[in-house]
$ cat protein_24.csv   # CSV, C-alpha atoms
chain,number,residue,atom,x,y,z
N,1,MET,CA,-43.2,-79.0,117.2
N,2,SER,CA,-44.2,-79.4,113.6
N,3,ALA,CA,-43.2,-76.6,111.1
N,4,THR,CA,-45.9,-74.5,109.6
N,5,LEU,CA,-46.1,-73.1,106.1
N,6,ASN,CA,-45.2,-69.5,105.5
N,7,ALA,CA,-48.3,-67.8,104.1
N,8,GLY,CA,-46.2,-65.2,102.1
N,9,ARG,CA,-43.9,-67.7,100.5
N,10,THR,CA,-46.9,-69.9,99.7
N,11,ARG,CA,-48.7,-67.1,97.9
N,12,ALA,CA,-45.6,-66.1,96.1
N,13,ALA,CA,-45.0,-69.7,94.9
N,14,LEU,CA,-48.7,-70.0,93.7
N,15,ARG,CA,-48.5,-66.7,91.9
N,16,ALA,CA,-45.2,-67.7,90.2
N,17,SER,CA,-46.7,-71.1,89.2
N,18,ALA,CA,-49.8,-69.4,87.8
N,19,ARG,CA,-47.8,-66.9,85.9
N,20,ILE,CA,-45.5,-69.6,84.4
N,21,SER,CA,-48.5,-71.7,83.6
N,22,GLY,CA,-50.2,-68.8,81.8
N,23,GLU,CA,-47.1,-68.0,79.8
N,24,LEU,CA,-46.7,-71.7,78.8
N,25,LEU,CA,-50.3,-71.9,77.8
N,26,LEU,CA,-49.9,-68.8,75.6
N,27,VAL,CA,-46.8,-70.4,74.0
N,28,LEU,CA,-48.7,-73.7,73.3
N,29,VAL,CA,-51.7,-71.8,71.8
N,30,MET,CA,-49.3,-69.9,69.5
N,31,ALA,CA,-47.6,-73.2,68.5
N,32,ALA,CA,-51.1,-74.7,67.8
N,33,VAL,CA,-52.0,-71.7,65.6
N,34,VAL,CA,-48.7,-72.0,63.7
N,35,VAL,CA,-49.3,-75.7,63.1
N,36,TRP,CA,-52.9,-75.0,62.0
N,37,VAL,CA,-51.7,-72.4,59.5
N,38,LEU,CA,-49.1,-74.8,58.2
N,39,GLY,CA,-51.8,-77.4,57.8
N,40,ARG,CA,-53.9,-75.0,55.8
N,41,MET,CA,-51.0,-74.1,53.6
N,42,TRP,CA,-49.7,-77.7,53.3
N,43,SER,CA,-50.1,-77.8,49.5
N,44,VAL,CA,-47.4,-75.1,49.4
N,45,VAL,CA,-45.4,-76.1,52.4
N,46,TRP,CA,-44.9,-79.8,51.4
N,47,PRO,CA,-43.3,-79.0,47.9
N,48,LEU,CA,-41.1,-76.4,49.6
N,49,ILE,CA,-39.9,-79.0,52.1
N,50,VAL,CA,-39.3,-81.5,49.2
N,51,GLY,CA,-37.4,-78.8,47.3
N,52,LEU,CA,-35.2,-78.0,50.3
N,53,LEU,CA,-34.4,-81.7,50.9
N,54,LEU,CA,-33.5,-82.2,47.2
N,55,THR,CA,-31.3,-79.1,47.3
N,56,THR,CA,-29.3,-80.5,50.3
N,57,LEU,CA,-28.5,-83.5,48.1
N,58,THR,CA,-27.6,-81.5,45.0
N,59,TRP,CA,-25.9,-78.5,46.6
N,60,PRO,CA,-22.4,-80.0,47.0
N,61,PRO,CA,-21.9,-80.5,43.2
N,62,ALA,CA,-23.5,-77.1,42.6
N,63,ARG,CA,-21.1,-75.5,45.0
N,64,TYR,CA,-18.2,-77.2,43.3
N,65,LEU,CA,-19.2,-75.9,39.9
N,66,ARG,CA,-19.9,-72.4,41.2
N,67,ARG,CA,-16.4,-72.2,42.8
N,68,ARG,CA,-15.0,-73.2,39.4
N,69,GLY,CA,-16.5,-70.0,37.9
N,70,LEU,CA,-19.7,-71.3,36.2
N,71,PRO,CA,-22.7,-68.9,36.2
N,72,PRO,CA,-25.4,-69.7,38.7
N,73,ALA,CA,-28.1,-70.4,36.1
N,74,LEU,CA,-25.9,-72.8,34.1
N,75,THR,CA,-24.8,-74.5,37.3
N,76,ALA,CA,-28.4,-75.0,38.5
N,77,SER,CA,-29.4,-76.3,35.0
N,78,LEU,CA,-26.5,-78.8,34.8
N,79,VAL,CA,-27.1,-80.1,38.3
N,80,THR,CA,-30.8,-80.4,37.8
N,81,VAL,CA,-30.3,-82.4,34.5
N,82,LEU,CA,-27.7,-84.6,36.2
N,83,PHE,CA,-30.1,-85.3,39.1
N,84,LEU,CA,-32.9,-86.2,36.6
N,85,LEU,CA,-30.5,-88.5,34.8
N,86,VAL,CA,-29.5,-90.2,38.0
N,87,ALA,CA,-33.1,-90.6,39.2
N,88,THR,CA,-34.2,-92.0,35.8
N,89,GLY,CA,-31.2,-94.3,35.7
N,90,THR,CA,-32.1,-95.6,39.2
N,91,VAL,CA,-35.7,-96.3,38.2
N,92,ALA,CA,-34.5,-98.1,35.0
N,93,LEU,CA,-32.0,-100.1,37.0
N,94,ILE,CA,-34.8,-101.4,39.1
N,95,ALA,CA,-37.5,-101.7,36.4
N,96,VAL,CA,-35.6,-103.2,33.4
N,97,PRO,CA,-34.3,-106.4,35.2
N,98,VAL,CA,-37.7,-106.9,36.8
N,99,ALA,CA,-39.5,-106.5,33.5
N,100,SER,CA,-37.1,-108.9,31.7
N,101,GLN,CA,-37.8,-111.6,34.3
N,102,SER,CA,-41.5,-110.8,34.8
N,103,GLY,CA,-42.5,-114.1,33.0
N,104,GLU,CA,-40.3,-116.2,35.4
N,105,LEU,CA,-41.6,-114.3,38.4
N,106,THR,CA,-45.2,-114.8,37.3
N,107,ASP,CA,-44.7,-118.5,36.8
N,108,GLY,CA,-43.0,-118.7,40.2
N,109,VAL,CA,-45.9,-116.9,41.8
N,110,VAL,CA,-48.4,-119.4,40.3
N,111,GLU,CA,-46.2,-122.3,41.3
N,112,GLY,CA,-45.9,-120.9,44.8
N,113,ILE,CA,-49.6,-120.6,45.2
N,114,GLN,CA,-50.0,-124.2,44.0
N,115,ARG,CA,-47.5,-125.4,46.5
N,116,LEU,CA,-49.3,-123.5,49.3
N,117,ARG,CA,-52.5,-125.3,48.3
N,118,GLU,CA,-50.8,-128.7,48.3
N,119,TRP,CA,-49.2,-128.0,51.7
N,120,ALA,CA,-52.5,-126.9,53.1
N,121,ALA,CA,-54.1,-130.1,51.8
N,122,GLY,CA,-51.5,-132.3,53.4
N,123,PRO,CA,-50.7,-133.0,57.1
N,124,PRO,CA,-50.9,-131.5,59.6
N,125,LEU,CA,-53.6,-129.1,58.3
N,126,ASN,CA,-55.4,-131.7,56.0
N,127,ILE,CA,-57.5,-129.0,54.4
N,128,GLY,CA,-59.4,-130.6,51.6
N,129,GLU,CA,-59.6,-129.2,48.1
N,130,GLU,CA,-63.3,-128.5,48.6
N,131,ARG,CA,-62.6,-126.3,51.6
N,132,ILE,CA,-59.8,-124.5,49.8
N,133,ALA,CA,-62.0,-123.9,46.7
N,134,GLY,CA,-64.8,-122.7,49.0
N,135,ALA,CA,-62.5,-120.3,50.7
N,136,PHE,CA,-61.4,-118.9,47.3
N,137,ASP,CA,-65.1,-118.6,46.3
N,138,THR,CA,-65.9,-116.8,49.5
N,139,ALA,CA,-63.0,-114.4,49.1
N,140,THR,CA,-64.1,-113.8,45.5
N,141,ALA,CA,-67.7,-113.0,46.6
N,142,ARG,CA,-66.4,-110.6,49.2
N,143,VAL,CA,-64.3,-108.8,46.7
N,144,GLN,CA,-67.3,-108.5,44.3
N,145,ASP,CA,-69.5,-107.2,47.2
N,146,SER,CA,-66.8,-104.7,48.1
N,147,ALA,CA,-66.4,-103.5,44.5
N,148,GLY,CA,-67.6,-100.0,45.4
N,149,THR,CA,-65.2,-99.7,48.3
N,150,ILE,CA,-62.3,-101.0,46.1
N,151,VAL,CA,-63.1,-98.5,43.3
N,152,SER,CA,-63.1,-95.6,45.8
N,153,THR,CA,-59.9,-96.8,47.3
N,154,VAL,CA,-58.3,-97.0,43.8
N,155,VAL,CA,-59.6,-93.5,43.0
N,156,THR,CA,-58.1,-92.3,46.3
N,157,GLY,CA,-54.8,-94.0,45.4
N,158,VAL,CA,-54.7,-92.5,42.0
N,159,SER,CA,-55.4,-89.1,43.5
N,160,THR,CA,-52.6,-89.6,46.0
N,161,VAL,CA,-50.2,-90.6,43.2
N,162,PHE,CA,-51.2,-87.6,41.1
N,163,ASN,CA,-50.6,-85.3,44.1
N,164,GLY,CA,-47.2,-86.9,44.6
N,165,VAL,CA,-46.3,-86.3,41.0
N,166,VAL,CA,-47.3,-82.7,41.3
N,167,THR,CA,-45.4,-82.3,44.5
N,168,ALA,CA,-42.3,-83.9,43.0
N,169,VAL,CA,-42.5,-81.5,39.9
N,170,LEU,CA,-42.9,-78.5,42.1
N,171,GLY,CA,-40.1,-79.6,44.4
N,172,LEU,CA,-37.8,-80.1,41.3
N,173,PHE,CA,-38.5,-76.5,40.1
N,174,LEU,CA,-38.0,-75.1,43.6
N,175,MET,CA,-34.7,-77.1,43.8
N,176,PHE,CA,-33.6,-75.4,40.5
N,177,PHE,CA,-34.3,-71.9,41.9
N,178,PHE,CA,-32.7,-72.7,45.3
N,179,LEU,CA,-29.5,-73.9,43.5
N,180,LYS,CA,-29.6,-70.7,41.3
N,181,ASP,CA,-30.4,-68.1,43.8
N,182,GLY,CA,-29.8,-69.7,47.2
N,183,PRO,CA,-26.6,-67.9,48.3
N,184,ARG,CA,-28.3,-64.6,47.7
N,185,PHE,CA,-31.3,-65.4,49.9
N,186,LEU,CA,-29.8,-64.8,53.3
N,187,PRO,CA,-28.3,-61.3,52.4
N,188,TRP,CA,-31.6,-60.3,50.9
N,189,LEU,CA,-33.5,-61.5,53.9
N,190,GLY,CA,-31.2,-59.6,56.2
N,191,ARG,CA,-31.9,-56.4,54.3
N,192,GLN,CA,-35.7,-56.9,54.7
N,193,LEU,CA,-35.7,-57.3,58.5
N,194,PRO,CA,-35.5,-54.5,61.0
N,195,GLY,CA,-33.1,-54.1,63.9
N,196,ARG,CA,-31.6,-57.2,65.5
N,197,LEU,CA,-33.7,-59.6,63.5
N,198,ALA,CA,-31.5,-58.7,60.5
N,199,THR,CA,-28.7,-60.6,62.3
N,200,ASP,CA,-30.5,-63.2,64.2
N,201,ILE,CA,-32.8,-64.7,61.5
N,202,PRO,CA,-30.0,-65.2,58.8
N,203,VAL,CA,-27.8,-66.9,61.4
N,204,VAL,CA,-30.6,-69.2,62.5
N,205,ALA,CA,-31.5,-69.9,58.9
N,206,GLU,CA,-27.9,-70.8,58.0
N,207,ARG,CA,-27.6,-73.2,61.0
N,208,CYS,CA,-30.9,-74.8,60.0
N,209,TRP,CA,-29.6,-75.3,56.5
N,210,SER,CA,-26.5,-77.0,57.8
N,211,THR,CA,-28.7,-79.2,60.0
N,212,LEU,CA,-30.9,-80.3,57.1
N,213,GLY,CA,-27.8,-81.2,55.1
N,214,ALA,CA,-26.6,-83.3,58.0
N,215,PHE,CA,-29.9,-85.1,58.2
N,216,VAL,CA,-30.0,-86.0,54.5
N,217,ARG,CA,-26.4,-87.2,54.5
N,218,SER,CA,-27.0,-89.4,57.6
N,219,GLN,CA,-30.1,-90.8,56.1
N,220,ALA,CA,-28.3,-91.6,52.8
N,221,LEU,CA,-25.5,-93.3,54.8
N,222,VAL,CA,-28.0,-95.5,56.7
N,223,GLY,CA,-29.7,-96.4,53.4
N,224,LEU,CA,-26.4,-97.3,51.9
N,225,ILE,CA,-25.5,-99.6,54.8
N,226,ASP,CA,-29.0,-101.3,54.6
N,227,ALA,CA,-28.6,-101.8,50.8
N,228,VAL,CA,-25.1,-103.3,51.2
N,229,LEU,CA,-26.0,-105.7,54.0
N,230,ILE,CA,-29.3,-106.9,52.5
N,231,GLY,CA,-27.8,-107.1,49.0
N,232,LEU,CA,-24.9,-109.2,50.4
N,233,GLY,CA,-27.4,-111.6,52.0
N,234,LEU,CA,-29.4,-111.9,48.8
N,235,TRP,CA,-26.2,-112.5,46.8
N,236,ILE,CA,-25.0,-115.3,49.2
N,237,LEU,CA,-28.4,-117.0,48.9
N,238,GLY,CA,-28.4,-116.8,45.2
N,239,VAL,CA,-31.6,-114.7,44.9
N,240,PRO,CA,-32.0,-113.1,41.5
N,241,LEU,CA,-32.2,-109.3,40.9
N,242,VAL,CA,-29.7,-108.5,43.7
N,243,LEU,CA,-28.7,-105.1,42.3
N,244,PRO,CA,-32.2,-103.8,41.7
N,245,LEU,CA,-33.3,-105.0,45.2
N,246,ALA,CA,-30.3,-103.3,46.8
N,247,VAL,CA,-31.0,-100.0,44.9
N,248,LEU,CA,-34.7,-100.2,45.9
N,249,THR,CA,-33.6,-100.7,49.5
N,250,PHE,CA,-31.4,-97.6,49.4
N,251,VAL,CA,-34.1,-95.4,47.7
N,252,THR,CA,-36.9,-96.5,50.0
N,253,ALA,CA,-34.7,-95.8,53.1
N,254,PHE,CA,-35.7,-92.1,52.7
N,255,VAL,CA,-39.3,-93.1,53.5
N,256,PRO,CA,-39.4,-94.4,57.1
N,257,ILE,CA,-41.4,-97.6,58.0
N,258,ILE,CA,-43.3,-97.9,54.7
N,259,GLY,CA,-40.2,-97.8,52.6
N,260,ALA,CA,-38.5,-100.6,54.5
N,261,LEU,CA,-41.7,-102.7,54.5
N,262,PHE,CA,-42.1,-102.3,50.8
N,263,ALA,CA,-38.5,-103.2,49.9
N,264,GLY,CA,-38.5,-106.1,52.3
N,265,LEU,CA,-41.8,-107.5,50.9
N,266,VAL,CA,-40.4,-107.3,47.4
N,267,ALA,CA,-37.2,-109.1,48.4
N,268,VAL,CA,-39.1,-111.9,50.2
N,269,LEU,CA,-41.5,-112.4,47.4
N,270,ILE,CA,-38.7,-112.7,44.8
N,271,ALA,CA,-36.8,-115.1,47.1
N,272,LEU,CA,-40.0,-117.2,47.6
N,273,VAL,CA,-40.8,-117.6,43.9
N,274,SER,CA,-37.2,-118.2,42.8
N,275,ASN,CA,-35.5,-120.1,45.6
N,276,GLY,CA,-38.3,-121.5,47.7
N,277,LEU,CA,-39.8,-121.1,51.1
N,278,THR,CA,-36.6,-121.8,53.1
N,279,ASP,CA,-34.6,-119.1,51.4
N,280,ALA,CA,-37.6,-116.7,51.6
N,281,LEU,CA,-37.7,-117.2,55.4
N,282,ILE,CA,-33.9,-116.7,55.6
N,283,VAL,CA,-34.3,-113.4,53.6
N,284,LEU,CA,-37.1,-112.3,55.9
N,285,ALA,CA,-34.8,-113.0,58.9
N,286,ILE,CA,-32.0,-111.0,57.3
N,287,ILE,CA,-34.3,-108.1,56.5
N,288,ILE,CA,-35.7,-108.0,60.0
N,289,GLY,CA,-32.2,-108.2,61.5
N,290,VAL,CA,-30.9,-105.4,59.4
N,291,GLN,CA,-34.0,-103.2,60.1
N,292,GLN,CA,-33.6,-103.8,63.8
N,293,LEU,CA,-30.0,-102.9,63.5
N,294,GLU,CA,-30.8,-99.7,61.6
N,295,GLY,CA,-33.7,-98.6,63.7
N,296,ASN,CA,-32.2,-99.3,67.1
N,297,VAL,CA,-28.5,-98.8,66.5
N,298,LEU,CA,-27.3,-97.2,63.2
N,299,GLN,CA,-30.0,-94.6,62.7
N,300,PRO,CA,-30.0,-93.2,66.3
N,301,MET,CA,-26.1,-93.2,66.4
N,302,ILE,CA,-25.5,-91.6,63.0
N,303,GLN,CA,-28.3,-89.1,63.2
N,304,SER,CA,-27.6,-88.2,66.7
N,305,ARG,CA,-23.9,-87.5,65.9
N,306,GLY,CA,-24.7,-85.6,62.7
N,307,LEU,CA,-27.7,-83.6,64.1
N,308,GLY,CA,-26.5,-83.0,67.7
N,309,LEU,CA,-29.4,-85.0,69.1
N,310,HIS,CA,-29.3,-87.8,71.6
N,311,ALA,CA,-30.2,-91.3,70.3
N,312,ALA,CA,-33.2,-91.4,72.6
N,313,VAL,CA,-34.5,-88.1,71.3
N,314,VAL,CA,-34.3,-89.5,67.7
N,315,LEU,CA,-36.3,-92.6,68.6
N,316,LEU,CA,-38.9,-90.6,70.5
N,317,ALA,CA,-39.2,-88.0,67.7
N,318,VAL,CA,-39.9,-90.7,65.1
N,319,THR,CA,-42.4,-92.4,67.3
N,320,LEU,CA,-44.2,-89.1,68.1
N,321,GLY,CA,-44.1,-87.9,64.5
N,322,GLY,CA,-45.6,-91.2,63.2
N,323,SER,CA,-48.4,-91.2,65.8
N,324,LEU,CA,-49.3,-87.6,64.9
N,325,ALA,CA,-48.9,-87.5,61.2
N,326,GLY,CA,-48.3,-91.0,59.9
N,327,ILE,CA,-45.6,-91.5,57.2
N,328,VAL,CA,-45.0,-87.8,56.6
N,329,GLY,CA,-44.7,-87.3,60.4
N,330,SER,CA,-42.1,-90.0,60.6
N,331,LEU,CA,-40.2,-88.6,57.7
N,332,LEU,CA,-40.1,-85.0,59.1
N,333,ALA,CA,-39.9,-85.8,62.8
N,334,VAL,CA,-36.1,-86.0,63.1
N,335,PRO,CA,-35.3,-82.9,61.0
N,336,VAL,CA,-38.0,-80.9,62.8
N,337,ALA,CA,-36.6,-82.0,66.2
N,338,ALA,CA,-33.1,-81.0,65.0
N,339,LEU,CA,-34.3,-77.5,63.8
N,340,VAL,CA,-36.1,-77.0,67.1
N,341,ALA,CA,-32.8,-77.8,68.8
N,342,VAL,CA,-31.0,-75.3,66.6
N,343,VAL,CA,-33.4,-72.5,67.5
N,344,TRP,CA,-33.3,-73.4,71.2
N,345,ASN,CA,-29.5,-73.4,71.3
N,346,TYR,CA,-29.4,-70.1,69.6
N,347,LEU,CA,-31.9,-68.6,72.0
N,348,ARG,CA,-29.8,-70.0,74.9
N,349,GLU,CA,-26.7,-68.3,73.5
N,350,GLN,CA,-28.5,-65.0,73.4
N,351,LEU,CA,-30.1,-65.3,76.8
N,352,VAL,CA,-27.1,-66.6,78.8
N,353,ASP,CA,-25.1,-64.0,80.6
N,354,PRO,CA,-21.5,-63.6,79.4
N,355,PRO,CA,-19.1,-65.2,81.9
N,356,THR,CA,-17.6,-62.6,84.3
N,357,GLU,CA,-13.9,-62.8,84.8
N,358,PRO,CA,-12.8,-62.6,88.4
N,359,GLU,CA,-11.3,-59.4,89.5
N,360,THR,CA,-7.5,-59.6,89.8
N,361,GLY,CA,-6.4,-57.3,92.6
N,362,GLY,CA,-3.0,-56.8,93.9
N,363,SER,CA,-1.8,-58.9,96.8
N,364,PRO,CA,-2.0,-57.0,100.2
N,365,THR,CA,1.3,-55.8,101.4

$ encode --input "protein_24.csv" --output "structure tokens"
Amino acid sequence: MSATLNAGRTRAALRASARISGELLLVLVMAAVVVWVLGRMWSVVWPLIVGLLLTTLTWPPARYLRRRGLPPALTASLVTVLFLLVATGTVALIAVPVASQSGELTDGVVEGIQRLREWAAGPPLNIGEERIAGAFDTATARVQDSAGTIVSTVVTGVSTVFNGVVTAVLGLFLMFFFLKDGPRFLPWLGRQLPGRLATDIPVVAERCWSTLGAFVRSQALVGLIDAVLIGLGLWILGVPLVLPLAVLTFVTAFVPIIGALFAGLVAVLIALVSNGLTDALIVLAIIIGVQQLEGNVLQPMIQSRGLGLHAAVVLLAVTLGGSLAGIVGSLLAVPVAALVAVVWNYLREQLVDPPTEPETGGSPT
């Protein structure tokens, strides 16, 4: 005889499912509202995030100076000036050698284009000079026809650069104030909150701060490994500007996807115009290999260890962040996932029942 469903248990299961679905829907609606509010306030939120990330980089020397008795304002000023000097020196380290060899690079680019034309004109392609010239004329005509679109794109790019400069300046000022008054923030925050929130919020904020520091340190370590490996490959091949290219690789490692593409493109271009096509292809293979090693092995392992996230979670977070918000989403995906994990772990600690010790009774006599 086939078993029949119990009507009471079925209704109870449906009611429980409906209640849980309704509660989850309310949580998702609240999360969507929070994301919408953050999007409307992005001009303020983004400099705040930049300032926090910069502070995680500069806090160790600031903490060292504060422990040596320096006043907070003097400490923040010294560290901010030191950070500016390091950033300026890094830019100079990249720009000065490139500028000094710009003539050679320009001549190499022209020579490389001429070689490509000669290669296209010979076997196996056998493209005649007339067809090549026609292709150049067609490309020139399309560029002229698209002048309006190009101008609007340039204007958009200039606006983006200007917004980036403003964000960097605001982030720098916020970094100064965080270095100066950061340790007083959590006690002040605890005094402003009522009841249990006065304890819970400062604890979660302190854990989130530690997590952000771990993210920045792990990202710097990954960038350093990339710079060393790629720089070593360029040095073995005899490509010029090895040190600037290695520094550029390290700096752009903090910008996922686009940073690696930009640094790799620069390295391949310099190898092409200085060493030829063969070495350029070898450099391209080295960069692809290092990037695959970073993206699939180093970054998930190092970040998962430093942030307490599984390697698969790191990969999925970067993919989801990039699909939702582009470059910024890829940059913030891992720290946001780590902060969500911090909050979730703290909630679990508060919601889990304390372990009950078994009663120790006397043995029966």

$ atom_distance --input "protein_24.csv" --atom1 "atom CA of Thr75 of chain N" --atom2 "atom CA of Leu179 of chain N"
7.8 Å

$ residues_around --input "protein_24.csv" --residues "segment 318-325 of chain N" --least-positions-apart "6" --cutoff "9 Å" --atoms "all atoms listed in the file" --output "list in words"
Pro256, Leu331, Leu332, Ala333 and Val334 of chain N

$ atom_distance --input "protein_24.csv" --atom1 "atom CA of Arg40 of chain N" --atom2 "atom CA of Thr167 of chain N"
15.9 Å

$ closest_residue --input "protein_24.csv" --among "N:Pro244, N:His310, N:Ala253, N:Leu298" --to "Ala95 of chain N" --atoms "only C-alpha atoms"
N:Pro244

$ atom_distance --input "protein_24.csv" --atom1 "atom CA of Leu170 of chain N" --atom2 "atom CA of Ser330 of chain N"
21.8 Å

$ closest_residue --input "protein_24.csv" --among "N:Met41, N:Leu245, N:Val266, N:Met175" --to "Val81 of chain N" --atoms "only C-alpha atoms"
N:Met175

$ residues_near_point --input "protein_24.csv" --point "(-24.1, -82.2, 41.0)" --cutoff "12 Å" --atoms "all atoms listed in the file" --output "ChimeraX atom specification"
/N:54-66,74-86,176,179

$ closest_residue --input "protein_24.csv" --among "N:Leu316, N:Leu281, N:Leu309, N:Ala32" --to "Leu234 of chain N" --atoms "only C-alpha atoms"
N:Leu281

$ closest_residue --input "protein_24.csv" --among "N:Asn6, N:Gly190, N:Asp200, N:Trp46" --to "Glu349 of chain N" --atoms "all atoms listed in the file"
N:Asp200

$ residues_around --input "protein_24.csv" --residues "Leu186 of chain N" --least-positions-apart "5" --cutoff "9 Å" --atoms "only C-alpha atoms" --output "number ranges by chain"
N: 191, 201-203, 205-206

$ residues_around --input "protein_24.csv" --residues "Leu237 of chain N" --least-positions-apart "6" --cutoff "10 Å" --atoms "only C-alpha atoms" --output "MDAnalysis selection string"
chainID N and resid 231 271 275 279:280 282:283

$ closest_residue --input "protein_24.csv" --among "N:Ile288, N:Leu315, N:Leu53, N:Leu277" --to "Arg217 of chain N" --atoms "only C-alpha atoms"
N:Leu53

$ closest_residue --input "protein_24.csv" --among "N:Ile230, N:Leu224, N:Val37, N:Ala16" --to "Val290 of chain N" --atoms "only C-alpha atoms"
N:Ile230
